[in-house]
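Source file: data26.cif. Holds: mmCIF, C-alpha atoms.
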```
data_upload
#
loop_
_atom_site.label_atom_id
_atom_site.label_comp_id
_atom_site.auth_asym_id
_atom_site.auth_seq_id
_atom_site.Cartn_x
_atom_site.Cartn_y
_atom_site.Cartn_z
CA MET A 1 -14.36 37.58 24.44
CA VAL A 2 -12.82 34.13 24.33
CA ARG A 3 -14.27 31.82 26.94
CA LEU A 4 -11.41 30.71 29.12
CA MET A 5 -12.50 27.24 30.17
CA TYR A 6 -13.20 24.35 27.86
CA SER A 7 -15.89 21.86 28.74
CA CYS A 8 -14.70 18.26 29.19
CA ARG A 9 -16.15 17.42 25.79
CA GLU A 10 -14.14 20.20 24.15
CA ALA A 11 -10.99 19.45 26.09
CA SER A 12 -11.01 15.73 25.31
CA GLU A 13 -11.76 16.44 21.65
CA ARG A 14 -8.81 18.86 21.48
CA ALA A 15 -6.58 16.34 23.25
CA SER A 16 -7.46 13.79 20.57
CA ARG A 17 -6.95 16.31 17.77
CA ALA A 18 -3.59 17.36 19.20
CA MET A 19 -2.42 13.82 18.41
CA GLU A 20 -3.08 14.54 14.73
CA GLU A 21 -1.91 18.11 14.23
CA PRO A 22 -0.42 20.93 16.29
CA LEU A 23 -3.17 23.01 17.89
CA PRO A 24 -3.24 26.79 17.45
CA ARG A 25 -1.51 28.49 20.37
CA MET A 26 -4.70 29.69 22.08
CA GLN A 27 -6.33 26.25 21.91
CA ARG A 28 -3.18 24.67 23.24
CA ALA A 29 -3.20 27.03 26.21
CA GLN A 30 -6.89 26.39 26.88
CA LEU A 31 -6.35 22.65 26.70
CA TRP A 32 -3.37 22.83 29.03
CA LEU A 33 -5.37 24.89 31.50
CA HIS A 34 -8.25 22.45 31.46
CA LEU A 35 -6.02 19.39 31.85
CA ALA A 36 -4.22 20.99 34.76
CA MET A 37 -7.52 21.40 36.60
CA CYS A 38 -9.51 18.36 35.52
CA ARG A 39 -8.42 14.91 36.66
CA GLY A 40 -10.87 13.11 34.34
CA CYS A 41 -9.66 14.78 31.16
CA HIS A 42 -6.08 14.42 32.32
CA ASN A 43 -6.66 10.65 32.64
CA PHE A 44 -8.45 10.52 29.29
CA SER A 45 -5.64 12.34 27.55
CA ARG A 46 -2.96 10.02 28.97
CA GLN A 47 -5.03 6.97 28.19
CA ILE A 48 -5.58 7.75 24.52
CA GLU A 49 -1.85 8.34 24.20
CA PHE A 50 -1.26 4.96 25.82
CA LEU A 51 -3.70 3.42 23.32
CA ARG A 52 -1.60 4.87 20.50
CA LEU A 53 1.49 3.25 21.97
CA ALA A 54 -0.36 -0.05 22.41
CA SER A 55 -1.76 0.06 18.86
CA ARG A 56 1.72 0.50 17.45
CA LYS A 57 2.81 -2.61 19.27
CA SER A 58 -0.38 -4.50 18.52
CA PRO A 59 0.83 -6.39 15.42
CA LYS A 60 2.67 -8.68 17.78
CA MET A 61 -0.71 -10.16 18.64
CA PHE A 62 -0.86 -11.55 15.07
CA ASP A 63 2.09 -13.75 16.00
CA ARG A 64 -0.02 -16.22 17.87
CA ASP A 65 -0.52 -19.53 16.13
CA GLU A 66 -3.97 -20.36 17.34
CA GLY A 67 -7.02 -18.85 15.52
CA MET B 1 18.05 -26.37 -1.40
CA SER B 2 18.94 -23.10 -3.13
CA ASP B 3 18.90 -19.72 -1.44
CA ASP B 4 15.96 -18.86 -3.65
CA ASP B 5 13.93 -21.85 -2.40
CA GLU B 6 14.84 -20.92 1.11
CA LEU B 7 13.56 -17.35 0.67
CA SER B 8 10.36 -18.62 -0.97
CA ASN B 9 9.76 -20.92 1.99
CA ALA B 10 10.51 -18.15 4.46
CA ILE B 11 7.99 -15.91 2.67
CA ALA B 12 5.33 -18.66 2.74
CA ALA B 13 5.99 -19.18 6.45
CA GLN B 14 4.80 -15.61 7.17
CA ARG B 15 1.39 -16.31 5.68
CA GLY B 16 -0.46 -16.88 8.98
CA TYR B 17 0.82 -13.62 10.44
CA LEU B 18 -0.13 -11.70 7.30
CA VAL B 19 -3.64 -13.19 7.21
CA ARG B 20 -4.27 -12.20 10.84
CA TYR B 21 -2.89 -8.72 10.13
CA ALA B 22 -5.18 -8.31 7.10
CA MET B 23 -8.13 -9.77 8.97
CA PHE B 24 -7.77 -7.21 11.75
CA HIS B 25 -8.19 -4.38 9.24
CA LEU B 26 -10.64 -5.90 6.76
CA ARG B 27 -12.74 -8.12 9.07
CA ASP B 28 -13.54 -10.47 6.25
CA ALA B 29 -11.80 -13.81 5.83
CA ALA B 30 -12.19 -13.99 2.05
CA GLN B 31 -10.93 -10.43 1.53
CA ALA B 32 -8.03 -11.03 3.91
CA GLU B 33 -7.05 -14.19 2.01
CA ASP B 34 -7.19 -12.24 -1.27
CA VAL B 35 -4.91 -9.41 -0.20
CA VAL B 36 -2.44 -11.85 1.37
CA GLN B 37 -2.44 -13.93 -1.82
CA ASP B 38 -1.65 -10.75 -3.81
CA THR B 39 1.04 -9.87 -1.29
CA LEU B 40 2.74 -13.25 -1.47
CA MET B 41 2.66 -13.22 -5.26
CA ALA B 42 4.10 -9.70 -5.39
CA ALA B 43 6.76 -10.69 -2.86
CA LEU B 44 7.79 -13.76 -4.85
CA ALA B 45 7.86 -11.79 -8.09
CA HIS B 46 10.07 -9.13 -6.52
CA ARG B 47 12.08 -11.30 -4.17
CA GLY B 48 15.23 -10.05 -5.87
CA GLN B 49 14.49 -6.68 -4.24
CA PHE B 50 14.61 -8.18 -0.79
CA ALA B 51 18.27 -8.05 0.05
CA GLY B 52 17.88 -8.83 3.72
CA ARG B 53 18.20 -5.14 4.45
CA SER B 54 15.18 -5.31 6.67
CA GLN B 55 13.38 -8.10 8.44
CA LEU B 56 11.45 -10.27 6.02
CA ARG B 57 8.28 -9.71 7.99
CA THR B 58 8.71 -5.93 7.90
CA TRP B 59 9.21 -6.06 4.15
CA LEU B 60 6.13 -8.26 3.63
CA THR B 61 4.01 -6.14 5.97
CA GLY B 62 4.98 -3.07 3.93
CA ILE B 63 3.67 -4.75 0.77
CA LEU B 64 0.55 -5.96 2.60
CA LYS B 65 -0.31 -2.44 3.83
CA HIS B 66 -0.35 -1.20 0.24
CA LYS B 67 -2.56 -4.10 -0.82
CA ILE B 68 -4.98 -3.46 2.06
CA VAL B 69 -5.20 0.26 1.25
CA ASP B 70 -5.76 -0.48 -2.46
CA HIS B 71 -8.46 -2.95 -1.51
CA VAL B 72 -10.17 -0.52 0.87
CA ARG B 73 -10.08 2.24 -1.75
CA ARG B 74 -11.74 -0.02 -4.31
CA ARG B 75 -14.29 -1.19 -1.75
CA GLU B 76 -15.12 2.43 -0.85
CA ARG B 77 -15.64 3.30 -4.50
CA GLU B 78 -18.09 0.43 -4.92
CA ARG B 79 -20.14 1.44 -1.89
CA PRO B 80 -23.59 2.52 -3.13
CA ALA B 81 -24.01 6.24 -2.58
CA GLY B 82 -26.35 7.11 0.25
CA LEU B 83 -25.94 3.76 1.96
CA ASP B 84 -23.54 3.67 4.81
CA GLY B 85 -22.80 -0.02 4.61
CA GLY B 86 -24.01 -2.50 7.22
CA GLY B 87 -24.15 -1.38 10.80
CA ASP B 88 -21.71 1.50 10.47
CA GLU B 89 -24.23 4.08 11.51
CA GLU B 90 -24.02 5.07 15.11
CA GLY B 91 -27.14 5.31 17.20
CA PRO B 92 -28.35 8.61 18.65
CA ALA B 93 -26.66 7.72 21.95
CA ASP B 94 -23.29 7.99 20.23
CA ALA B 95 -23.81 11.54 19.04
CA ALA B 96 -23.46 12.87 22.58
CA GLY B 97 -20.88 10.24 23.51
CA PRO B 98 -20.02 9.93 27.18
CA PHE B 99 -20.92 13.58 27.86
CA THR B 100 -23.88 15.39 29.32
CA ALA B 101 -25.62 18.12 27.36
CA ALA B 102 -23.42 20.61 29.21
CA GLY B 103 -20.29 18.80 28.00
CA ARG B 104 -19.37 17.12 31.28
CA TRP B 105 -18.33 13.47 31.56
CA THR B 106 -21.27 11.24 32.47
CA GLU B 107 -18.62 9.05 34.09
CA MET B 108 -15.33 10.71 34.94
CA PRO B 109 -12.36 8.74 33.54
CA GLY B 110 -10.44 7.17 36.42
CA THR B 111 -6.78 6.27 36.44
CA TRP B 112 -5.34 3.20 34.68
CA GLY B 113 -2.40 2.98 37.04
CA ARG B 114 0.67 1.86 35.12
CA PRO B 115 -0.86 0.57 31.88
CA GLU B 116 2.53 -0.20 30.26
CA GLU B 117 2.72 -3.38 32.33
CA ALA B 118 -0.29 -4.74 30.45
CA LEU B 119 1.57 -4.78 27.14
CA GLU B 120 3.30 -8.00 28.16
CA SER B 121 0.04 -9.83 28.85
CA ALA B 122 -1.47 -12.07 26.15
CA GLN B 123 -4.88 -11.59 27.75
CA PHE B 124 -4.55 -7.81 27.39
CA TRP B 125 -4.14 -8.24 23.63
CA ARG B 126 -7.17 -10.50 23.42
CA VAL B 127 -9.23 -7.77 25.11
CA TYR B 128 -7.73 -5.11 22.81
CA ASP B 129 -8.54 -7.22 19.75
CA GLU B 130 -12.12 -7.78 20.93
CA CYS B 131 -12.63 -4.09 21.76
CA CYS B 132 -11.51 -3.13 18.24
CA ARG B 133 -13.74 -5.83 16.77
CA ILE B 134 -16.91 -4.47 18.36
CA MET B 135 -16.35 -0.94 17.07
CA PRO B 136 -18.45 0.07 14.05
CA ALA B 137 -16.52 -1.11 10.98
CA ARG B 138 -15.67 2.31 9.58
CA LEU B 139 -14.46 3.70 12.89
CA ALA B 140 -12.31 0.62 13.40
CA LEU B 141 -10.86 0.89 9.91
CA VAL B 142 -9.94 4.57 10.25
CA PHE B 143 -8.48 3.89 13.69
CA SER B 144 -6.40 0.92 12.56
CA MET B 145 -5.13 2.72 9.46
CA ARG B 146 -4.00 5.58 11.66
CA GLU B 147 -2.71 3.76 14.74
CA VAL B 148 -1.78 0.26 13.64
CA MET B 149 -0.62 0.91 10.07
CA GLN B 150 0.59 4.35 11.23
CA MET B 151 -0.50 6.10 8.04
CA ASP B 152 -0.44 9.92 7.95
CA SER B 153 -3.77 11.65 8.57
CA GLU B 154 -3.58 13.30 5.13
CA GLU B 155 -2.92 10.00 3.43
CA ILE B 156 -5.95 8.41 5.09
CA CYS B 157 -8.18 11.33 4.07
CA LYS B 158 -6.97 11.04 0.50
CA GLU B 159 -7.44 7.27 0.30
CA LEU B 160 -10.91 7.29 1.87
CA GLY B 161 -12.05 10.57 0.35
CA ILE B 162 -12.95 12.15 3.68
CA SER B 163 -12.17 15.59 5.15
CA ALA B 164 -9.65 16.20 7.91
CA SER B 165 -12.41 17.23 10.32
CA ASN B 166 -14.35 14.08 9.50
CA LEU B 167 -11.22 12.05 10.26
CA HIS B 168 -10.73 13.86 13.58
CA VAL B 169 -14.32 13.18 14.61
CA MET B 170 -13.98 9.49 13.73
CA LEU B 171 -10.67 9.08 15.54
CA PHE B 172 -12.08 10.85 18.60
CA ARG B 173 -15.08 8.53 18.66
CA ALA B 174 -12.91 5.47 18.13
CA ARG B 175 -10.62 6.51 20.98
CA ILE B 176 -13.57 7.13 23.30
CA ARG B 177 -14.99 3.68 22.54
CA LEU B 178 -11.72 1.83 22.80
CA ARG B 179 -10.86 3.61 26.05
CA ALA B 180 -14.26 2.78 27.55
CA CYS B 181 -14.09 -0.85 26.41
CA MET B 182 -10.54 -1.33 27.74
CA THR B 183 -11.53 0.28 31.03
CA ARG B 184 -14.51 -2.04 31.48
CA ASN B 185 -12.91 -5.23 30.28
CA TRP B 186 -9.31 -4.90 31.35
CA PHE B 187 -8.36 -2.09 33.67
CA GLU B 188 -11.39 -2.39 35.94
CA ALA B 189 -12.17 -6.06 35.36
CA ARG B 190 -8.73 -7.13 36.54
CA HIS B 191 -8.98 -5.42 39.88
CA GLY B 192 -12.69 -6.07 40.32
#
```
What is this file in structure tokens?
Amino acid sequence: MVRLMYSCREASERASRAMEEPLPRMQRAQLWLHLAMCRGCHNFSRQIEFLRLASRKSPKMFDRDEG
Amino acid sequence: MSDDDELSNAIAAQRGYLVRYAMFHLRDAAQAEDVVQDTLMAALAHRGQFAGRSQLRTWLTGILKHKIVDHVRRRERERPAGLDGGGDEEGPADAAGPFTAAGRWTEMPGTWGRPEEALESAQFWRVYDECCRIMPARLALVFSMREVMQMDSEEICKELGISASNLHVMLFRARIRLRACMTRNWFEARHG
């Protein structure tokens, strides 16, 4: 039987992986379920997506003239 | 002054930006200077191809990315087998990461509020830069190839000769570290 709930380690790892490739349907459902119930992983997931956004904008920091 | 001189000067004027860009990925001043030198020479040699279709900086950065990737590939090939190059190895504490043996967070991630507002702050970018700098070199490189250069996962695996699952593990670790560092030094520090 497939275990229904991911641990936070599994959920956060899947959230990171989902940014690289589409997850299989079952994993996607398990991740969604975990994120809906776990505030910490929900925050983590949003924050790594924010870090992707920030990283894409980061080259503007090379504009500065000092060191 | 001819148009050609003007373009050459405009290209040279981007040098500082390109060096900082290369430095962020390579973390070595001499190597950064080298790839930028190659980039500027290639740009001057092919300046006829720059028809002002895109921003000059975008065009130069495109050339620079290729030079950085070529450089990294060569550097990887020269790495002695079995040695994982200076300080890249993570300590035993990193294997578990921020999780207990049962897979729970040792410290539950709190909210960042509205992080988008930070993107306008110069101080935010200094913290971001520093947090990337203190990551183990290989993690930082994989992360910056993926998120700053925006290369495809497959392309990174091919260039570095690593598996997709290896890449996923490294990106996950890099994201955990960067998130923790930004939390400590920006999102909590500011309100603390």
Quiz prompt | Target residues per the PyMOL selection byres ((chain B and resi 113-129) around 7), formatted as a PyMOL selection string | solution = (chain A and resi 54+61) or (chain B and resi 111-112+130-133+182+185-186)
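Each of B:Glu188, B:Asp4, B:Glu154, B:Asp28 was checked against chain A using all atoms listed in the file; the smallest atom-to-atom distance is that of B:Glu154.
With all atoms listed in the file taken into account, chain B has B:Tyr17, B:Arg20, B:Gly103, B:Arg104, B:Met108, B:Pro109, B:Thr111, B:Glu147, B:Val148, B:Phe172 at most 6 Å from chain A.
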Quiz item: Could you pull the residues within 12 Å of region 32-42 of chain B, counting only C-alpha atoms, minus those fewer than 2 positions along the same chain, as an MDAnalysis selection string?
Solution: chainID B and resid 7:30 44:50 56:57 59:72
Quiz item: When the PyMOL selection byres ((chain B and resi 171) around 9) is applied to the file above, which residues end up in the set, as number ranges by chain?
Solution: A: 16-17; B: 139-140, 142-143, 146, 166-170, 172-176
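Nearest to Cys181 (chain B) of all the residues B:Ile134, B:Thr106, B:Ala43, B:Arg73 is B:Ile134, counting all atoms listed in the file.
If you look at CA of Ser163 (chain B) and CA of Leu33 (chain A), they are 28.8 Å away from each other.
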Quiz item: Could you state the separation of CA of Arg177 (chain B) and CA of Pro136 (chain B) in Å, given to one decimal place?
Solution: 9.9 Å
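Relative to CA of Leu31 (chain A), CA of Met5 (chain A) is found at 8.4 Å.
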